[in-house]
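Reading through the structure tokens given below for one structure.
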Amino acid sequence: MRGIRTVKRYVRDSIRSVIRNFSLSLASVSCIAITLIVVSFSIIISYNVENFTEQIRKDVTMVIFLESDATKQDANKIEKEIRATGNVEKLTFKSKQEQAEQTAEESEVFSTIIDEWTEETNPLLDSFELKLKDVDRIQSMAEDIKKMDKVRTVSYGEDMVNQLITIFDVVKKVSIVAVIALIVVTAFLIANTIKLAIYARK
């Protein structure tokens with residue numbers, strides 16, 4: 001019973017204090033609420049940027065074109081060497097015939113032309129499509145793959161990918177710093193607001 005009376009007294013005193021200092025209480029609550037809302041938005045933005053960056057990284061695909069005289073054995077050897085790097089998320093081989101058929105399905109204009117191609121006259125090249133586990137290593141991976149025998153060229157949109165990775169890394173770091181700074185500011189404002197409220201009620 002004594003505990004209940006104590007709780008009732010605290011609640012009653014709190015309500016009276018809020019009523020007596022309504023303007024200061026409202027200002028304190030508003031200040032804390034606005035600051036917390038700003039911090040919440042910053043955290044949400046940082047989280048979304050992180051997710052968007054990760055999605056971009058997952059979608060980056062490297063295309064490896066083989067020489068026109070590369071055989072099936074050459075392709076198997078290249079595949080083994082690429083997988084041996086340990087940075088392979090997904091590796092898919094596409095023969096020049098498969099590429100021709102896919103292009104023909106996508107366009108009626110090219111379909112007529114491609115239908116006239118034979119195995120010997122097909123100008124396309126066998127290729128691999130590679131998705132990496134660690135996209136930050138894409139440039140070094142591309143340079144290593146270019147040195148492999150029977151590899152003609154490697155393409156992954158070098159300039160755009162490198163710029164995107166750099167920009168997203170900067171945005172990520174700035175977002176983290178901003179969130180930490182806002183949390184510190186929030187704690188400081190809440191502490192000062194509570195002190196002011198206590199002093200005013202004294």
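Simple scheme: letters A, B, ... for chains in structure tokens order, numbers from 1 for residues in each chain, numbers from 1 for ligands in the order shown.
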Just want the 7 Å neighbourhood of stretch 150-153 of chain A, counted on only C-alpha atoms, with same-chain residues fewer than 3 positions away dropped. Output as a compact mmCIF listing (two decimals) with C-alpha atoms, in the first residue's frame.
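Done, and the output landed in out31.txt:
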```txt
# COMPACT_ATOMS: atom_id res chain seq x y z
CA ILE A 64 35.32 -11.84 -70.47
CA PHE A 65 35.63 -12.33 -74.23
CA LEU A 66 37.76 -15.19 -75.54
CA GLU A 67 39.82 -15.29 -78.71
CA ALA A 70 39.63 -20.56 -78.40
CA ASP A 74 40.74 -23.42 -73.50
CA LYS A 146 43.49 -10.22 -69.22
```
Residues of stretch 45-103 of chain A at most 10 Å from stretch 110-120 of chain A: nearest atom pair and distance in Å, only C-alpha atoms, as JSON lines:
```
{"residue": "A:Lys96", "atom": "CA", "partner": "A:Glu119", "partner_atom": "CA", "distance": 8.8}
{"residue": "A:Gln97", "atom": "CA", "partner": "A:Glu119", "partner_atom": "CA", "distance": 7.5}
{"residue": "A:Ala100", "atom": "CA", "partner": "A:Ile114", "partner_atom": "CA", "distance": 6.6}
{"residue": "A:Glu101", "atom": "CA", "partner": "A:Ile114", "partner_atom": "CA", "distance": 7.9}
{"residue": "A:Gln102", "atom": "CA", "partner": "A:Ser111", "partner_atom": "CA", "distance": 9.5}
{"residue": "A:Thr103", "atom": "CA", "partner": "A:Phe110", "partner_atom": "CA", "distance": 7.0}
```
Check: How many Å separate atom CA of A:Ile167 from atom CA of A:Glu129?
Finding: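 Rounded to one decimal, the two atoms are 24.9 Å apart.
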Check: How many Å lie between atom CA of A:Val154 and atom CA of A:Ala142, rounded to one decimal?
Finding: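 Result for atom CA of A:Val154 versus atom CA of A:Ala142: 6.3 Å, one decimal.
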Item checked: Interatomic distance (Å, one decimal) between atom CA of A:Leu130 and atom CA of A:Asp169 ->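 Interatomic distance, atom CA of A:Leu130 to atom CA of A:Asp169: 22.5 Å.
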Next item on the list: Would you please give, as number ranges by chain, all residues of stretch 51-169 of chain A that DSSP assigns to strand (DSSP E) based on the backbone?
Entry: A: 62-66, 88-94, 127-132, 151-155
Next item on the list: Could you give me the residues within stretch 13-106 of chain A that DSSP places in alpha helix (DSSP H), as JSON, numbers by chain?
Entry: {"A": [13, 14, 15, 16, 17, 18, 19, 20, 22, 23, 24, 25, 26, 27, 28, 29, 30, 31, 32, 33, 34, 35, 36, 37, 38, 39, 40, 41, 42, 43, 44, 45, 46, 47, 48, 49, 50, 51, 52, 53, 54, 55, 56, 57, 58, 59, 72, 73, 74, 75, 76, 77, 78, 79, 80, 81, 82, 83, 96, 97, 98, 99, 100, 101, 102, 103, 104, 105, 106]}
Next item on the list: Have a look at A:Glu89, A:Asp134, A:Glu108, A:Lys172 and name the one nearest to A:Thr53; count only C-alpha atoms.
Entry: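 When distances to A:Thr53 are compared using only C-alpha atoms, the smallest one comes from A:Lys172.
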